[in-house]
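J.: Contents of entry_24.cif (mmCIF, C-alpha atoms) are below:
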data_data
loop_
_atom_site.label_atom_id
_atom_site.label_comp_id
_atom_site.auth_asym_id
_atom_site.auth_seq_id
_atom_site.Cartn_x
_atom_site.Cartn_y
_atom_site.Cartn_z
CA MET A 1 -19.60 2.57 25.68
CA ALA A 2 -18.58 -0.84 27.00
CA SER A 3 -20.07 -2.58 23.96
CA TYR A 4 -18.25 -0.13 21.68
CA LEU A 5 -14.89 -0.85 23.34
CA SER A 6 -15.59 -4.57 23.23
CA LEU A 7 -16.37 -4.41 19.51
CA MET A 8 -13.26 -2.42 18.71
CA GLY A 9 -11.22 -4.82 20.83
CA LYS A 10 -12.51 -7.72 18.74
CA LYS A 11 -11.63 -5.87 15.53
CA LEU A 12 -8.15 -5.15 16.86
CA GLY A 13 -7.69 -8.82 17.75
CA TYR A 14 -8.86 -9.83 14.29
CA SER A 15 -6.40 -7.37 12.72
CA LEU A 16 -3.50 -8.79 14.75
CA ALA A 17 -4.53 -12.31 13.72
CA VAL A 18 -4.47 -11.23 10.06
CA LEU A 19 -0.96 -9.80 10.45
CA TRP A 20 0.22 -12.99 12.16
CA GLY A 21 -1.26 -14.99 9.30
CA VAL A 22 0.50 -12.85 6.69
CA ALA A 23 3.84 -13.19 8.51
CA THR A 24 3.40 -16.96 8.84
CA VAL A 25 2.54 -17.48 5.18
CA LEU A 26 5.49 -15.34 4.10
CA PHE A 27 7.94 -17.19 6.31
CA PHE A 28 6.99 -20.71 5.23
CA LEU A 29 6.56 -19.67 1.60
CA PHE A 30 10.12 -18.38 1.35
CA ALA A 31 11.53 -21.05 3.67
CA ILE A 32 10.85 -23.72 1.05
CA LEU A 33 12.72 -21.86 -1.68
CA PRO A 34 16.03 -23.41 -2.75
CA GLY A 35 19.26 -21.73 -1.72
CA ASP A 36 21.24 -20.96 1.42
CA PRO A 37 20.32 -17.58 2.96
CA ALA A 38 23.79 -17.30 4.53
CA ARG A 39 25.47 -17.67 1.13
CA MET A 40 23.05 -15.10 -0.33
CA MET A 41 24.06 -12.60 2.34
CA LEU A 42 27.81 -13.13 1.83
CA ASP A 43 27.55 -13.41 -1.98
CA GLN A 44 30.92 -14.71 -3.32
CA ARG A 45 33.04 -13.64 -0.33
CA GLU A 46 32.13 -16.40 2.09
CA ASP A 47 34.30 -18.94 3.84
CA ALA A 48 33.35 -21.71 6.24
CA GLU A 49 33.86 -19.57 9.35
CA GLN A 50 31.82 -16.67 8.01
CA LEU A 51 29.00 -18.97 6.92
CA ALA A 52 28.86 -20.58 10.37
CA ARG A 53 28.77 -17.16 12.04
CA ILE A 54 25.95 -15.89 9.81
CA ARG A 55 23.90 -19.07 10.28
CA ALA A 56 24.23 -18.81 14.05
CA LYS A 57 23.49 -15.07 14.04
CA TYR A 58 20.15 -15.49 12.30
CA GLY A 59 19.31 -19.03 13.38
CA PHE A 60 19.68 -20.52 9.91
CA ASP A 61 21.41 -23.53 11.48
CA ARG A 62 18.33 -24.41 13.54
CA SER A 63 15.23 -26.42 12.65
CA LEU A 64 12.41 -24.72 10.75
CA PRO A 65 10.10 -24.33 13.80
CA ILE A 66 12.94 -22.68 15.76
CA GLN A 67 13.67 -20.35 12.83
CA TYR A 68 9.98 -19.47 12.75
CA ALA A 69 10.04 -18.66 16.47
CA TYR A 70 13.09 -16.41 15.94
CA TYR A 71 11.31 -14.68 13.06
CA LEU A 72 8.22 -13.95 15.16
CA ASN A 73 10.48 -12.77 17.99
CA ASP A 74 12.09 -10.27 15.60
CA LEU A 75 8.74 -8.99 14.38
CA SER A 76 7.06 -8.78 17.78
CA PRO A 77 7.20 -5.40 19.59
CA ILE A 78 7.86 -7.38 22.80
CA GLY A 79 10.72 -9.84 22.38
CA ILE A 80 13.30 -11.96 24.16
CA LEU A 81 16.86 -10.72 23.61
CA ASN A 82 20.41 -11.26 24.82
CA ASN A 83 23.92 -10.19 23.82
CA GLN A 84 25.56 -13.55 23.19
CA ASP A 85 27.35 -13.81 19.86
CA ASP A 86 26.35 -17.41 19.18
CA THR A 87 22.59 -17.05 19.19
CA ALA A 88 19.93 -15.55 16.94
CA LEU A 89 18.56 -13.73 19.99
CA ASN A 90 21.62 -11.49 19.94
CA PHE A 91 20.76 -7.89 19.06
CA ILE A 92 23.97 -5.90 19.60
CA ASP A 93 25.54 -6.44 16.16
CA LYS A 94 22.31 -6.35 14.14
CA PRO A 95 21.87 -3.07 12.23
CA GLY A 96 18.42 -1.56 12.50
CA TYR A 97 17.53 -3.03 15.89
CA SER A 98 15.79 -0.30 17.93
CA ILE A 99 15.03 -1.00 21.60
CA ALA A 100 13.00 1.31 23.83
CA PHE A 101 13.89 -0.44 27.09
CA SER A 102 14.59 -3.94 28.37
CA ILE A 103 14.11 -5.83 31.64
CA PRO A 104 16.66 -8.51 32.65
CA PHE A 105 15.09 -11.92 33.06
CA GLY A 106 16.95 -15.19 33.65
CA GLY A 107 20.17 -14.28 31.84
CA GLN A 108 18.26 -12.71 28.96
CA SER A 109 16.07 -9.65 28.56
CA ILE A 110 12.44 -8.96 27.77
CA ALA A 111 12.47 -5.82 25.66
CA LEU A 112 10.02 -3.35 24.15
CA LYS A 113 11.36 -2.76 20.66
CA ALA A 114 10.52 -1.81 17.13
CA PRO A 115 9.73 -4.75 14.82
CA TYR A 116 12.99 -5.94 13.30
CA LEU A 117 12.80 -6.75 9.57
CA ARG A 118 16.41 -8.00 9.38
CA GLU A 119 19.00 -7.03 6.74
CA SER A 120 19.18 -7.03 2.98
CA PHE A 121 20.95 -9.96 1.33
CA GLN A 122 22.21 -7.87 -1.59
CA ARG A 123 23.04 -4.45 -0.10
CA ASN A 124 25.89 -5.11 2.29
CA GLY A 125 23.68 -5.68 5.30
CA THR A 126 21.57 -2.53 4.95
CA PRO A 127 18.61 -2.75 7.37
CA VAL A 128 15.36 -3.53 5.60
CA SER A 129 13.63 -0.89 7.72
CA SER A 130 15.91 1.78 6.21
CA ILE A 131 15.15 0.63 2.67
CA ILE A 132 11.41 0.71 3.32
CA ALA A 133 11.64 4.10 5.05
CA ASN A 134 13.28 5.54 1.92
CA THR A 135 10.70 4.16 -0.53
CA LEU A 136 7.38 3.99 1.33
CA PRO A 137 6.78 7.80 1.35
CA ASN A 138 6.93 7.84 -2.47
CA THR A 139 4.32 5.09 -2.64
CA ILE A 140 2.07 6.94 -0.18
CA VAL A 141 2.35 10.14 -2.27
CA LEU A 142 1.44 8.18 -5.41
CA ALA A 143 -1.50 6.46 -3.69
CA ILE A 144 -2.91 9.74 -2.35
CA ALA A 145 -2.56 11.45 -5.73
CA SER A 146 -4.21 8.50 -7.52
CA ILE A 147 -7.20 8.18 -5.21
CA THR A 148 -7.72 11.96 -5.11
CA LEU A 149 -7.75 12.13 -8.92
CA ALA A 150 -10.10 9.16 -9.13
CA PHE A 151 -12.43 10.56 -6.47
CA LEU A 152 -12.79 14.04 -7.96
CA LEU A 153 -13.10 12.97 -11.59
CA GLY A 154 -15.28 9.96 -10.70
CA ILE A 155 -17.82 12.12 -8.87
CA LEU A 156 -17.84 14.67 -11.71
CA PHE A 157 -18.29 12.03 -14.40
CA GLY A 158 -20.93 10.22 -12.33
CA ILE A 159 -22.96 13.41 -11.93
CA PHE A 160 -22.84 14.12 -15.67
CA SER A 161 -23.96 10.56 -16.42
CA ALA A 162 -26.84 10.69 -13.92
CA LEU A 163 -28.15 14.02 -15.22
CA ARG A 164 -28.50 12.63 -18.75
CA PRO A 165 -29.02 8.86 -18.34
CA ASP A 166 -28.69 6.83 -21.54
CA GLY A 167 -27.42 9.89 -23.38
CA PHE A 168 -24.27 10.07 -25.47
CA LEU A 169 -22.05 11.19 -22.58
CA ASP A 170 -23.47 8.52 -20.29
CA ARG A 171 -22.81 5.76 -22.84
CA PHE A 172 -19.33 7.11 -23.58
CA LEU A 173 -18.36 7.22 -19.90
CA SER A 174 -19.82 3.75 -19.40
CA VAL A 175 -17.58 2.36 -22.15
CA LEU A 176 -14.54 4.11 -20.65
CA SER A 177 -15.39 2.73 -17.20
CA THR A 178 -15.66 -0.79 -18.57
CA LEU A 179 -12.31 -0.47 -20.31
CA GLY A 180 -10.75 0.95 -17.15
CA MET A 181 -11.85 -2.07 -15.14
CA ALA A 182 -10.94 -4.61 -17.84
CA LEU A 183 -7.41 -3.46 -18.72
CA PRO A 184 -4.63 -4.91 -16.53
CA SER A 185 -2.58 -2.31 -14.69
CA PHE A 186 0.71 -3.27 -16.34
CA PHE A 187 -0.83 -2.96 -19.83
CA SER A 188 -2.40 0.42 -19.00
CA ALA A 189 0.93 1.62 -17.64
CA ILE A 190 2.83 0.61 -20.79
CA LEU A 191 0.20 2.15 -23.06
CA ILE A 192 -0.04 5.44 -21.16
CA ALA A 193 3.75 5.76 -20.81
CA TRP A 194 4.23 5.13 -24.53
CA LEU A 195 1.49 7.53 -25.69
CA PHE A 196 1.90 10.46 -23.30
CA GLY A 197 5.59 10.06 -22.48
CA PHE A 198 6.92 9.20 -25.94
CA VAL A 199 4.55 9.64 -28.89
CA TRP A 200 2.95 12.85 -27.63
CA SER A 201 5.78 13.97 -25.36
CA SER A 202 6.40 17.12 -27.42
CA TYR A 203 2.84 18.23 -26.57
CA THR A 204 2.53 16.91 -23.01
CA GLY A 205 6.08 17.63 -21.86
CA LEU A 206 5.99 14.41 -19.81
CA ASN A 207 8.60 11.66 -19.46
CA MET A 208 8.08 7.92 -19.79
CA THR A 209 9.91 7.32 -16.50
CA GLY A 210 10.83 9.39 -13.48
CA SER A 211 10.37 9.54 -9.73
CA LEU A 212 9.28 12.17 -7.24
CA TYR A 213 12.82 13.46 -6.81
CA SER A 214 15.01 14.42 -9.75
CA VAL A 215 18.65 15.44 -9.88
CA ASP A 216 19.73 18.62 -11.61
CA ASP A 217 21.88 18.44 -14.75
CA PHE A 218 25.10 18.91 -12.77
CA GLY A 219 24.18 16.37 -10.08
CA ASP A 220 24.51 18.95 -7.31
CA PHE A 221 21.11 18.69 -5.65
CA GLU A 222 17.72 16.97 -5.76
CA PHE A 223 14.39 18.68 -6.32
CA ILE A 224 10.76 17.58 -6.27
CA ASN A 225 9.48 16.97 -9.79
CA LEU A 226 5.69 16.73 -9.58
CA LYS A 227 5.46 16.37 -13.35
CA ASN A 228 6.63 12.78 -13.00
CA LEU A 229 3.66 12.07 -10.73
CA ILE A 230 1.01 12.67 -13.42
CA LEU A 231 1.26 9.52 -15.54
CA PRO A 232 1.65 6.93 -12.75
CA ALA A 233 -1.15 8.59 -10.75
CA LEU A 234 -3.40 8.53 -13.81
CA THR A 235 -2.58 4.88 -14.47
CA LEU A 236 -3.06 3.76 -10.88
CA GLY A 237 -6.29 5.73 -10.58
CA ILE A 238 -8.02 4.28 -13.67
CA ARG A 239 -9.71 1.39 -11.88
CA PRO A 240 -11.03 3.32 -8.86
CA LEU A 241 -12.08 6.09 -11.26
CA ALA A 242 -14.23 3.62 -13.19
CA VAL A 243 -15.78 2.24 -10.00
CA ILE A 244 -16.47 5.67 -8.47
CA THR A 245 -18.01 6.93 -11.72
CA GLN A 246 -20.50 4.07 -11.96
CA LEU A 247 -21.19 4.08 -8.22
CA THR A 248 -21.88 7.82 -8.20
CA ARG A 249 -24.15 7.50 -11.22
CA SER A 250 -26.28 4.69 -9.78
CA SER A 251 -26.43 6.22 -6.30
CA LEU A 252 -27.39 9.64 -7.63
CA LEU A 253 -30.11 8.16 -9.86
CA ASP A 254 -31.60 6.42 -6.82
CA VAL A 255 -31.54 9.63 -4.80
CA LEU A 256 -33.06 11.71 -7.60
CA ASP A 257 -36.02 9.33 -7.61
CA GLN A 258 -36.81 9.95 -3.94
CA ASP A 259 -39.93 11.82 -2.82
CA TYR A 260 -38.09 14.66 -1.09
CA ILE A 261 -36.24 15.47 -4.32
CA ARG A 262 -39.51 15.67 -6.24
CA THR A 263 -40.92 17.87 -3.47
CA ALA A 264 -37.94 20.22 -3.69
CA ARG A 265 -38.38 20.46 -7.45
CA SER A 266 -42.11 21.16 -7.11
CA LYS A 267 -41.30 24.11 -4.85
CA GLY A 268 -39.44 25.73 -7.71
CA ILE A 269 -35.94 25.28 -6.31
CA PRO A 270 -33.39 25.55 -9.15
CA PRO A 271 -32.20 22.12 -10.37
CA ILE A 272 -28.54 22.91 -9.67
CA ARG A 273 -29.36 23.78 -6.07
CA VAL A 274 -31.46 20.64 -5.63
CA ILE A 275 -28.61 18.46 -6.84
CA ALA A 276 -25.85 20.29 -4.98
CA LYS A 277 -27.65 20.73 -1.65
CA HIS A 278 -29.86 17.66 -1.38
CA ALA A 279 -29.00 14.91 -3.85
CA ILE A 280 -25.19 14.77 -3.91
CA ARG A 281 -24.80 14.83 -0.14
CA ASN A 282 -26.90 11.68 0.27
CA ALA A 283 -25.53 9.98 -2.83
CA LEU A 284 -21.89 10.22 -1.72
CA THR A 285 -22.15 7.90 1.30
CA PRO A 286 -21.50 4.66 -0.64
CA VAL A 287 -18.89 6.48 -2.75
CA VAL A 288 -16.87 7.48 0.30
CA THR A 289 -17.09 3.92 1.61
CA ALA A 290 -15.74 2.50 -1.65
CA THR A 291 -13.01 5.15 -1.85
CA SER A 292 -11.62 4.28 1.58
CA GLY A 293 -11.34 0.64 0.57
CA TRP A 294 -9.67 1.48 -2.73
CA PHE A 295 -7.09 3.69 -1.03
CA ALA A 296 -5.82 0.73 0.96
CA SER A 297 -5.55 -1.35 -2.23
CA MET A 298 -3.55 1.42 -3.95
CA LEU A 299 -0.50 0.41 -1.92
CA ALA A 300 -0.54 -3.16 -3.21
CA GLY A 301 -1.65 -2.22 -6.72
CA SER A 302 1.28 0.10 -7.30
CA VAL A 303 3.86 -2.67 -7.82
CA PHE A 304 3.90 -2.90 -11.63
CA VAL A 305 2.93 0.75 -12.13
CA GLU A 306 5.94 1.95 -10.14
CA TYR A 307 8.29 -0.45 -11.89
CA ILE A 308 7.19 0.55 -15.40
CA PHE A 309 7.33 4.28 -14.69
CA GLY A 310 10.57 4.05 -12.72
CA TRP A 311 8.86 5.48 -9.63
CA ASN A 312 11.15 4.79 -6.67
CA GLY A 313 8.51 3.46 -4.33
CA LEU A 314 7.87 0.32 -2.36
CA GLY A 315 6.24 -1.41 -5.33
CA LYS A 316 9.33 -0.99 -7.50
CA GLU A 317 11.43 -2.20 -4.57
CA ILE A 318 9.36 -5.40 -4.40
CA VAL A 319 9.96 -6.20 -8.07
CA GLU A 320 13.70 -5.54 -7.84
CA SER A 321 14.00 -7.59 -4.64
CA LEU A 322 12.17 -10.46 -6.31
CA ASN A 323 14.56 -10.35 -9.27
CA GLN A 324 17.56 -10.39 -6.92
CA LEU A 325 16.08 -12.93 -4.48
CA ASP A 326 16.55 -10.37 -1.72
CA LEU A 327 14.12 -12.19 0.54
CA PRO A 328 14.27 -10.00 3.69
CA VAL A 329 13.42 -6.86 1.68
CA LEU A 330 10.65 -8.67 -0.15
CA MET A 331 9.17 -10.10 3.04
CA GLY A 332 9.47 -6.79 4.88
CA ALA A 333 7.79 -4.84 2.07
CA VAL A 334 4.86 -7.26 1.86
CA LEU A 335 4.47 -7.17 5.65
CA VAL A 336 4.42 -3.37 5.68
CA ILE A 337 1.81 -3.24 2.91
CA GLY A 338 -0.30 -5.81 4.75
CA GLY A 339 0.07 -3.87 8.00
CA MET A 340 -0.99 -0.61 6.36
CA PHE A 341 -3.95 -2.31 4.71
CA VAL A 342 -5.10 -3.67 8.07
CA LEU A 343 -4.49 -0.32 9.79
CA ILE A 344 -6.47 1.66 7.22
CA ASN A 345 -9.41 -0.72 7.43
CA LEU A 346 -9.28 -0.57 11.23
CA ILE A 347 -9.36 3.24 11.14
CA VAL A 348 -12.26 3.21 8.66
CA ASP A 349 -14.20 0.82 10.93
CA TRP A 350 -13.51 3.07 13.90
CA VAL A 351 -14.73 6.17 12.04
CA TYR A 352 -17.90 4.35 10.92
CA GLN A 353 -18.60 3.33 14.49
CA LEU A 354 -18.35 6.95 15.62
CA LEU A 355 -20.46 8.32 12.78
CA ASP A 356 -23.19 5.68 12.96
CA PRO A 357 -23.93 4.46 16.50
CA ARG A 358 -26.23 1.76 15.10
CA LEU A 359 -23.13 -0.14 13.93
CA GLN A 360 -21.93 -0.45 17.53
CA LYS A 361 -24.60 -3.07 18.09
CA SER A 362 -23.57 -5.20 15.11
#
With the file now loaded, output its structure as structure tokens.

T.:
Amino acid sequence: MASYLSLMGKKLGYSLAVLWGVATVLFFLFAILPGDPARMMLDQREDAEQLARIRAKYGFDRSLPIQYAYYLNDLSPIGILNNQDDTALNFIDKPGYSIAFSIPFGGQSIALKAPYLRESFQRNGTPVSSIIANTLPNTIVLAIASITLAFLLGILFGIFSALRPDGFLDRFLSVLSTLGMALPSFFSAILIAWLFGFVWSSYTGLNMTGSLYSVDDFGDFEFINLKNLILPALTLGIRPLAVITQLTRSSLLDVLDQDYIRTARSKGIPPIRVIAKHAIRNALTPVVTATSGWFASMLAGSVFVEYIFGWNGLGKEIVESLNQLDLPVLMGAVLVIGGMFVLINLIVDWVYQLLDPRLQKS
């Protein structure tokens, strides 16, 4: 038990180090971009007094190392705060700052708080956390739909290929899998949107663009439109579908060549029962492992797919923020995606440790 806790503690420390690295790279990458962040926030309405106030509020008037320290202080769940108007440590007039409790310390406070992602440059000071909270659920829905579609169809196609290796269906699915891996996501999205949402729309009934929520014709209320989920989920799931298909095929062929499968067949057990009860169960272990990794990558891979299909998710928000140079939104979105990627991999490692005690010694 002690070794298990020690191992998970090391993995947690590694995950925190990865998040710190992502935050550091983001900060210094955008810090070297031309332009004054204070002027970006005020747009065309600034004057000298307002600019000075904004620079002091966020520490833009300080040296780069001090700005970096302020940035880490905002992101950290434990931070140093005060209520003075002339310092970037001020938290009273910053929208989106959520504090659980604070302890006074030397004229300031040490507080337990939610990570603060600052405010949008282009949306009248809207907290970045609010923008992400409104778009991230749509991306999660799209990622779950994509990986579920890829998992179910990939296993089905892989089984068909393994039952008739080198047959027509096996060769056909192999070609499709190769194309699915080779085509860039943005090209697949454009092609699928054009074919199924425009050329064949009278048969499919699908739209080229659309998000999870649609507005009725009179603009009175919103409703969930699952039809708009089909094309982006299909596009985003093409690559994992190709991988799962080939992985299931190769794994199942290896299992079917094992001695216990031949023994089961020699006993007269029907082939369908042999495959369903003995072969598939053992063949799916590497498939499940690959699927968990692909699910984490769905979040980052949805950027161009969401933008092309008009899906109002975090990926579309990243592209729009990049076009508008809305740096806090862009940095916050990338940080959230990185954090979720690390969290998912940490959970997968934890589950593997519980399911296979031999890994606890590694």

J.: Written as an NGL selection string, which residues does the PyMOL selection byres ((chain A and resi 11-26) around 10) give for the file shown?

T.: :A and (5-10 or 27-31 or 68 or 71-72 or 75-76 or 327 or 330-332 or 334-336 or 338-339 or 341-343 or 345-346 or 349-350)

J.: For each of A:Asn138, A:Ala300, A:Val348, A:Gln324, take the minimum atom-to-atom distance to A:Ile224, counting all atoms listed in the file, then give the residue where this is smallest.

T.: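 The shortest atom-to-atom distance to A:Ile224 comes from A:Asn138.
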
J.: Which distance in Å separates atom CA of A:Leu236 and atom CA of A:Leu156, to one decimal?

T.: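 Atom CA of A:Leu236 sits 18.4 Å away from atom CA of A:Leu156.
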
J.: Restricting the calculation to only C-alpha atoms: of A:Ile269, A:Asn312, A:Ser250, A:Ser146, which residue gets closest to A:Pro286?

T.: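 Between A:Ile269, A:Asn312, A:Ser250, A:Ser146, the residue approaching A:Pro286 most closely is A:Ser250.
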
J.: List as an mmCIF file with C-alpha atoms, in the coordinates of the input the protein and nucleic acid residues near stretch 109-112 of chain A, meaning an atom at most 8 Å away when only C-alpha atoms are counted, but skip any in the same chain fewer than 3 places from it.

T.:
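part.cif written:
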data_model
loop_
_atom_site.group_PDB
_atom_site.id
_atom_site.type_symbol
_atom_site.label_atom_id
_atom_site.label_comp_id
_atom_site.auth_asym_id
_atom_site.auth_seq_id
_atom_site.Cartn_x
_atom_site.Cartn_y
_atom_site.Cartn_z
ATOM 1 C CA PRO A 77 7.200 -5.400 19.590
ATOM 2 C CA ILE A 78 7.860 -7.380 22.800
ATOM 3 C CA GLY A 79 10.720 -9.840 22.380
ATOM 4 C CA ILE A 80 13.300 -11.960 24.160
ATOM 5 C CA LEU A 81 16.860 -10.720 23.610
ATOM 6 C CA ASN A 82 20.410 -11.260 24.820
ATOM 7 C CA ILE A 99 15.030 -1.000 21.600
ATOM 8 C CA ALA A 100 13.000 1.310 23.830
ATOM 9 C CA PHE A 101 13.890 -0.440 27.090
ATOM 10 C CA SER A 102 14.590 -3.940 28.370
ATOM 11 C CA ILE A 103 14.110 -5.830 31.640
ATOM 12 C CA PRO A 104 16.660 -8.510 32.650
ATOM 13 C CA PHE A 105 15.090 -11.920 33.060
ATOM 14 C CA GLY A 106 16.950 -15.190 33.650
#

J.: Could you check how far atom CA of A:Arg262 sits from atom CA of A:Ala242, in Å to one decimal?

T.: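 Straight-line distance from atom CA of A:Arg262 to atom CA of A:Ala242 works out to 28.9 Å.
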
J.: When distances are computed from all atoms listed in the file, which of A:Val287, A:Leu212, A:Ile337, A:Ile261 shows the smallest separation from A:Gly158?

T.: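 Going through A:Val287, A:Leu212, A:Ile337, A:Ile261 one by one, the smallest distance to A:Gly158 is for A:Val287.
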
J.: Measuring atom to atom with all atoms listed in the file, identify which of A:Val215, A:Val329, A:Ala133, A:Ile347 is nearest to A:Ser292.

T.: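 Checking each candidate against A:Ser292, we get A:Ile347 as the closest.
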